[in-house]
$ cat target-v5.pdb   # PDB, C-alpha atoms
ATOM      1  CA  MET A  23       3.233  24.939  13.485
ATOM      2  CA  SER A  24       2.944  22.196  10.864
ATOM      3  CA  THR A  25      -0.193  20.072  10.584
ATOM      4  CA  ARG A  26       0.643  16.535  11.623
ATOM      5  CA  ILE A  27      -0.579  13.549   9.646
ATOM      6  CA  ARG A  28      -2.527  11.353  12.038
ATOM      7  CA  GLY A  29      -3.406   7.686  11.765
ATOM      8  CA  LYS A  30      -7.141   8.227  12.120
ATOM      9  CA  LYS A  31      -8.010   8.446   8.441
ATOM     10  CA  LEU A  32      -6.540   6.739   5.430
ATOM     11  CA  SER A  33      -7.475   5.863   1.941
ATOM     12  CA  LEU A  34      -5.867   3.020   0.039
ATOM     13  CA  THR A  35      -7.268   1.914  -3.290
ATOM     14  CA  LEU A  36      -5.990  -0.800  -5.619
ATOM     15  CA  GLY A  37      -6.757  -1.446  -9.264
ATOM     16  CA  SER A  38      -8.406   0.649 -11.929
ATOM     17  CA  PRO A  39     -10.971   1.827 -11.179
ATOM     18  CA  GLY A  40      -9.753   2.066  -7.598
ATOM     19  CA  ILE A  41     -11.228  -0.484  -5.209
ATOM     20  CA  PRO A  42     -11.091   0.750  -1.598
ATOM     21  CA  VAL A  43      -9.251  -1.677   0.695
ATOM     22  CA  TRP A  44      -8.279   0.712   3.526
ATOM     23  CA  GLN A  45     -10.887  -0.764   5.879
ATOM     24  CA  ASP A  46      -8.811  -3.965   6.170
ATOM     25  CA  VAL A  47      -5.407  -2.284   6.634
ATOM     26  CA  LYS A  48      -3.921  -1.824  10.122
ATOM     27  CA  SER A  49      -0.724  -0.082   8.991
ATOM     28  CA  TRP A  50       1.059   0.950   5.828
ATOM     29  CA  THR A  51       4.244   2.700   4.753
ATOM     30  CA  LEU A  52       5.219   3.938   1.303
ATOM     31  CA  ALA A  53       9.002   4.240   1.340
ATOM     32  CA  PRO A  54      12.102   4.037  -0.820
ATOM     33  CA  GLU A  55      14.402   1.159  -0.038
ATOM     34  CA  ASP A  56      18.114   1.725  -0.489
ATOM     35  CA  LEU A  57      19.795  -0.887  -2.594
ATOM     36  CA  ASP A  58      22.860  -2.738  -1.338
ATOM     37  CA  GLY A  59      25.623  -2.538  -3.930
ATOM     38  CA  PRO A  60      23.465  -0.983  -6.670
ATOM     39  CA  THR A  61      24.264  -1.455 -10.331
ATOM     40  CA  PHE A  62      24.894   1.512 -12.638
ATOM     41  CA  GLY A  63      21.428   0.913 -14.111
ATOM     42  CA  GLU A  64      19.775   1.103 -10.708
ATOM     43  CA  ILE A  65      21.627   4.322  -9.921
ATOM     44  CA  ALA A  66      20.531   5.813 -13.252
ATOM     45  CA  ASN A  67      16.920   4.989 -12.295
ATOM     46  CA  GLY A  68      17.104   6.743  -8.925
ATOM     47  CA  GLY A  69      19.095   4.230  -6.891
ATOM     48  CA  ALA A  70      16.159   3.103  -4.765
ATOM     49  CA  ALA A  71      13.218   0.773  -5.115
ATOM     50  CA  TRP A  72       9.939   1.938  -3.618
ATOM     51  CA  LYS A  73       7.760  -0.410  -1.539
ATOM     52  CA  LEU A  74       4.256  -0.239  -0.126
ATOM     53  CA  SER A  75       4.269  -2.395   2.976
ATOM     54  CA  GLY A  76       2.203  -2.952   6.074
ATOM     55  CA  THR A  77      -0.221  -5.207   7.904
ATOM     56  CA  GLY A  78      -3.759  -6.170   6.950
ATOM     57  CA  ILE A  79      -6.469  -8.337   8.424
ATOM     58  CA  GLN A  80      -7.244 -11.791   7.041
ATOM     59  CA  SER A  81     -10.764 -12.016   5.670
ATOM     60  CA  ASN A  82     -12.367 -14.276   3.081
ATOM     61  CA  ASP A  83     -15.210 -11.807   2.499
ATOM     62  CA  THR A  84     -15.801 -10.814  -1.107
ATOM     63  CA  GLY A  85     -14.111  -7.453  -1.676
ATOM     64  CA  SER A  86     -11.688  -7.796   1.249
ATOM     65  CA  PHE A  87      -8.068  -6.678   0.952
ATOM     66  CA  TRP A  88      -6.852 -10.229   1.653
ATOM     67  CA  GLU A  89      -9.039 -11.637  -1.150
ATOM     68  CA  TYR A  90      -7.850  -8.890  -3.540
ATOM     69  CA  VAL A  91      -4.193  -9.724  -2.852
ATOM     70  CA  TRP A  92      -4.880 -13.472  -3.222
ATOM     71  CA  ALA A  93      -6.698 -13.006  -6.559
ATOM     72  CA  ASN A  94      -4.155 -10.554  -7.987
ATOM     73  CA  ALA A  95      -0.872 -12.129  -6.849
ATOM     74  CA  GLY A  96       1.857 -11.526  -9.417
ATOM     75  CA  LYS A  97      -0.071  -8.778 -11.205
ATOM     76  CA  ASP A  98       0.760  -5.098 -11.700
ATOM     77  CA  VAL A  99      -2.069  -2.881 -10.427
ATOM     78  CA  ALA A 100      -2.646   0.817  -9.942
ATOM     79  CA  PHE A 101      -2.625   2.162  -6.383
ATOM     80  CA  THR A 102      -3.438   5.387  -4.595
ATOM     81  CA  VAL A 103      -2.792   6.218  -0.961
ATOM     82  CA  ALA A 104      -4.287   9.287   0.703
ATOM     83  CA  PRO A 105      -2.714   9.710   4.153
ATOM     84  CA  HIS A 106      -5.390  12.232   5.183
ATOM     85  CA  GLY A 107      -8.291  10.061   4.007
ATOM     86  CA  ASN A 108      -9.514  12.765   1.627
ATOM     87  CA  THR A 109     -11.214  11.800  -1.642
ATOM     88  CA  VAL A 110      -9.861  14.760  -3.639
ATOM     89  CA  ALA A 111      -6.134  15.561  -3.589
ATOM     90  CA  THR A 112      -5.096  19.076  -2.538
ATOM     91  CA  ALA A 113      -1.794  20.879  -1.966
ATOM     92  CA  THR A 114      -2.048  20.328   1.803
ATOM     93  CA  GLN A 115      -3.622  16.856   1.598
ATOM     94  CA  PRO A 116      -1.968  15.174  -1.391
ATOM     95  CA  HIS A 117      -2.392  11.658  -2.704
ATOM     96  CA  TYR A 118       0.452   9.377  -3.804
ATOM     97  CA  ALA A 119      -0.177   7.104  -6.767
ATOM     98  CA  GLY A 120       1.491   4.731  -9.173
ATOM     99  CA  THR A 121       1.660   1.090 -10.141
ATOM    100  CA  LEU A 122       2.777  -1.752  -7.908
ATOM    101  CA  ASN A 123       3.309  -5.464  -8.228
ATOM    102  CA  ILE A 124       1.240  -7.517  -5.798
ATOM    103  CA  GLY A 125       3.912 -10.250  -5.655
ATOM    104  CA  LYS A 126       3.122 -13.427  -3.756
ATOM    105  CA  LYS A 127      -0.166 -14.618  -2.303
ATOM    106  CA  PRO A 128      -0.835 -13.548   1.293
ATOM    107  CA  SER A 129      -0.387 -15.823   4.285
ATOM    108  CA  ILE A 130      -3.371 -17.310   6.067
ATOM    109  CA  GLY A 131      -3.662 -18.634   9.616
ATOM    110  CA  GLY A 132      -2.313 -17.724  13.019
ATOM    111  CA  ASP A 133      -2.184 -18.642  16.686
ATOM    112  CA  ALA A 134      -4.895 -20.659  18.434
ATOM    113  CA  GLY A 135      -7.230 -18.459  20.439
ATOM    114  CA  SER A 136      -6.378 -15.355  18.404
ATOM    115  CA  THR A 137      -9.032 -12.659  18.237
ATOM    116  CA  GLY A 138      -8.183 -12.084  14.572
ATOM    117  CA  TYR A 139      -5.552 -13.176  12.094
ATOM    118  CA  GLU A 140      -3.399 -10.684  10.220
ATOM    119  CA  PHE A 141      -0.909 -10.790   7.361
ATOM    120  CA  ASP A 142       2.063  -8.662   6.417
ATOM    121  CA  PHE A 143       2.389  -7.367   2.877
ATOM    122  CA  GLU A 144       5.171  -5.798   0.848
ATOM    123  CA  PHE A 145       4.480  -4.692  -2.701
ATOM    124  CA  GLU A 146       7.172  -3.424  -5.059
ATOM    125  CA  VAL A 147       6.277  -0.073  -6.633
ATOM    126  CA  ILE A 148       7.133   0.094 -10.309
ATOM    127  CA  GLY A 149       9.168   3.267 -10.750
ATOM    128  CA  GLU A 150       8.533   6.106  -8.351
ATOM    129  CA  PRO A 151       5.144   7.125  -6.913
ATOM    130  CA  VAL A 152       3.667  10.424  -8.096
ATOM    131  CA  LYS A 153       2.545  13.096  -5.630
ATOM    132  CA  ASP A 154      -0.897  14.378  -6.683
ATOM    133  CA  THR A 155      -1.731  17.832  -5.297
ATOM    134  CA  GLY A 156      -4.921  18.206  -7.317
ATOM    135  CA  ALA A 157      -3.389  20.831  -9.592
TER
END

$ encode --input "target-v5.pdb" --output "structure tokens"
Amino acid sequence: MSTRIRGKKLSLTLGSPGIPVWQDVKSWTLAPEDLDGPTFGEIANGGAAWKLSGTGIQSNDTGSFWEYVWANAGKDVAFTVAPHGNTVATATQPHYAGTLNIGKKPSIGGDAGSTGYEFDFEFEVIGEPVKDTGA
């Protein structure tokens, strides 16, 4: 039986050196996005654009994920995701890393009476992420 990845642990770092932001992330997905009507150049480069997307909490605390996205909008930054939450990559608990573009500034605000505001994010990965097995 295969070991299932569970949503109880996670590591997401941005920048170099990596700044942990996982504590402010409710969900994330690293996935290729098929292109509609790709060009020959896009096909030659794999035919898909990778995205890191999800939902985070809004916080103005220094060091928060929201503040990092706000301060680094439009910039290319290094990223690493560790779906198992492990600090060292292994063959059975790999990390996925690369460079992404933060894109636009995050939204702020929400509904009256909310117990906590959130924001959705979608960052374009530059190239294809690398699977790190610690080897």

$ residues_around --input "target-v5.pdb" --residues "A:Thr121" --least-positions-apart "4" --cutoff "8 Å" --atoms "all atoms listed in the file" --output "number ranges by chain"
A: 98-101, 147-149, 151

$ closest_residue --input "target-v5.pdb" --among "A:Thr25, A:Thr137, A:Gln45, A:Thr155" --to "A:Gly85" --atoms "all atoms listed in the file"
A:Gln45

$ residues_near_point --input "target-v5.pdb" --point "(3.0, -4.5, -2.7)" --cutoff "7 Å" --atoms "all atoms listed in the file" --output "list in words"
Lys73, Leu74, Ser75, Leu122, Asn123, Ile124, Gly125, Phe143, Glu144, Phe145, Glu146 and Val147 of chain A

$ closest_residue --input "target-v5.pdb" --among "A:Met23, A:Ala113, A:Ala119, A:Val152" --to "A:Ser38" --atoms "all atoms listed in the file"
A:Ala119

$ closest_residue --input "target-v5.pdb" --among "A:Lys97, A:Gly156, A:Ser49, A:Pro54" --to "A:Arg28" --atoms "all atoms listed in the file"
A:Ser49

$ resolve_selection --input "target-v5.pdb" --expression "the PyMOL selection byres ((chain A and resi 109) around 12)" --output "number ranges by chain"
A: 31-35, 40, 42, 102-108, 110-112, 115-117, 154-156

$ atom_distance --input "target-v5.pdb" --atom1 "atom CA of A:Glu150" --atom2 "atom CA of A:Thr51"
14.2 Å

$ atom_distance --input "target-v5.pdb" --atom1 "atom CA of A:Ser129" --atom2 "atom CA of A:Leu36"
18.8 Å

$ closest_residue --input "target-v5.pdb" --among "A:Tyr118, A:Phe141, A:Trp72, A:Gly37" --to "A:Asn94" --atoms "all atoms listed in the file"
A:Gly37

$ atom_distance --input "target-v5.pdb" --atom1 "atom CA of A:Val43" --atom2 "atom CA of A:Gly138"
17.4 Å

$ closest_residue --input "target-v5.pdb" --among "A:Ile41, A:Ile27, A:Ile130, A:Ala53" --to "A:Tyr90" --atoms "all atoms listed in the file"
A:Ile41

$ closest_residue --input "target-v5.pdb" --among "A:Val47, A:Leu52, A:Ala134, A:Ala157" --to "A:Ser86" --atoms "all atoms listed in the file"
A:Val47

$ resolve_selection --input "target-v5.pdb" --expression "the PyMOL selection byres ((chain A and resi 88) around 9)" --output "ChimeraX atom specification"
/A:43,46,78-83,85-87,89-93,127-129,141

$ decode --input "target-v5.pdb" --residues "stretch 129-146 of chain A" --atoms "N, CA and C atoms" --output "PDB file, in the first residue's frame"
ATOM      1  N   SER A 129      -4.898  40.705  -2.474  1.00  0.00           N
ATOM      2  CA  SER A 129      -6.095  41.447  -2.072  1.00  0.00           C
ATOM      3  C   SER A 129      -6.103  41.617  -0.560  1.00  0.00           C
ATOM      4  N   ILE A 130      -6.878  42.594  -0.113  1.00  0.00           N
ATOM      5  CA  ILE A 130      -7.064  42.801   1.323  1.00  0.00           C
ATOM      6  C   ILE A 130      -8.538  43.133   1.549  1.00  0.00           C
ATOM      7  N   GLY A 131      -9.076  42.658   2.665  1.00  0.00           N
ATOM      8  CA  GLY A 131     -10.470  42.924   3.001  1.00  0.00           C
ATOM      9  C   GLY A 131     -11.317  41.674   2.901  1.00  0.00           C
ATOM     10  N   GLY A 132     -12.592  41.838   3.243  1.00  0.00           N
ATOM     11  CA  GLY A 132     -13.522  40.718   3.213  1.00  0.00           C
ATOM     12  C   GLY A 132     -14.874  41.117   3.764  1.00  0.00           C
ATOM     13  N   ASP A 133     -15.669  40.132   4.104  1.00  0.00           N
ATOM     14  CA  ASP A 133     -17.031  40.347   4.573  1.00  0.00           C
ATOM     15  C   ASP A 133     -17.068  40.850   6.016  1.00  0.00           C
ATOM     16  N   ALA A 134     -18.055  41.682   6.318  1.00  0.00           N
ATOM     17  CA  ALA A 134     -18.270  42.153   7.684  1.00  0.00           C
ATOM     18  C   ALA A 134     -18.566  40.954   8.583  1.00  0.00           C
ATOM     19  N   GLY A 135     -18.032  40.968   9.768  1.00  0.00           N
ATOM     20  CA  GLY A 135     -18.289  39.897  10.722  1.00  0.00           C
ATOM     21  C   GLY A 135     -17.462  38.645  10.496  1.00  0.00           C
ATOM     22  N   SER A 136     -16.555  38.684   9.522  1.00  0.00           N
ATOM     23  CA  SER A 136     -15.712  37.526   9.225  1.00  0.00           C
ATOM     24  C   SER A 136     -14.798  37.225  10.406  1.00  0.00           C
ATOM     25  N   THR A 137     -14.505  35.965  10.614  1.00  0.00           N
ATOM     26  CA  THR A 137     -13.578  35.580  11.676  1.00  0.00           C
ATOM     27  C   THR A 137     -12.130  35.649  11.207  1.00  0.00           C
ATOM     28  N   GLY A 138     -11.918  35.941   9.939  1.00  0.00           N
ATOM     29  CA  GLY A 138     -10.561  36.085   9.413  1.00  0.00           C
ATOM     30  C   GLY A 138     -10.574  36.204   7.905  1.00  0.00           C
ATOM     31  N   TYR A 139      -9.894  37.212   7.395  1.00  0.00           N
ATOM     32  CA  TYR A 139      -9.835  37.412   5.953  1.00  0.00           C
ATOM     33  C   TYR A 139      -8.765  36.524   5.330  1.00  0.00           C
ATOM     34  N   GLU A 140      -9.018  36.157   4.083  1.00  0.00           N
ATOM     35  CA  GLU A 140      -8.104  35.312   3.317  1.00  0.00           C
ATOM     36  C   GLU A 140      -7.860  35.951   1.962  1.00  0.00           C
ATOM     37  N   PHE A 141      -6.865  35.442   1.242  1.00  0.00           N
ATOM     38  CA  PHE A 141      -6.634  35.877  -0.133  1.00  0.00           C
ATOM     39  C   PHE A 141      -6.181  34.680  -0.952  1.00  0.00           C
ATOM     40  N   ASP A 142      -6.565  34.699  -2.215  1.00  0.00           N
ATOM     41  CA  ASP A 142      -6.134  33.658  -3.145  1.00  0.00           C
ATOM     42  C   ASP A 142      -4.882  34.136  -3.854  1.00  0.00           C
ATOM     43  N   PHE A 143      -3.973  33.196  -4.133  1.00  0.00           N
ATOM     44  CA  PHE A 143      -2.760  33.552  -4.853  1.00  0.00           C
ATOM     45  C   PHE A 143      -2.547  32.569  -6.004  1.00  0.00           C
ATOM     46  N   GLU A 144      -1.882  33.062  -7.036  1.00  0.00           N
ATOM     47  CA  GLU A 144      -1.475  32.240  -8.161  1.00  0.00           C
ATOM     48  C   GLU A 144      -0.178  32.819  -8.693  1.00  0.00           C
ATOM     49  N   PHE A 145       0.900  32.067  -8.525  1.00  0.00           N
ATOM     50  CA  PHE A 145       2.213  32.503  -8.955  1.00  0.00           C
ATOM     51  C   PHE A 145       2.656  31.655 -10.143  1.00  0.00           C
ATOM     52  N   GLU A 146       3.185  32.305 -11.158  1.00  0.00           N
ATOM     53  CA  GLU A 146       3.696  31.594 -12.329  1.00  0.00           C
ATOM     54  C   GLU A 146       5.101  31.081 -12.020  1.00  0.00           C
TER      55      GLU A 146
END
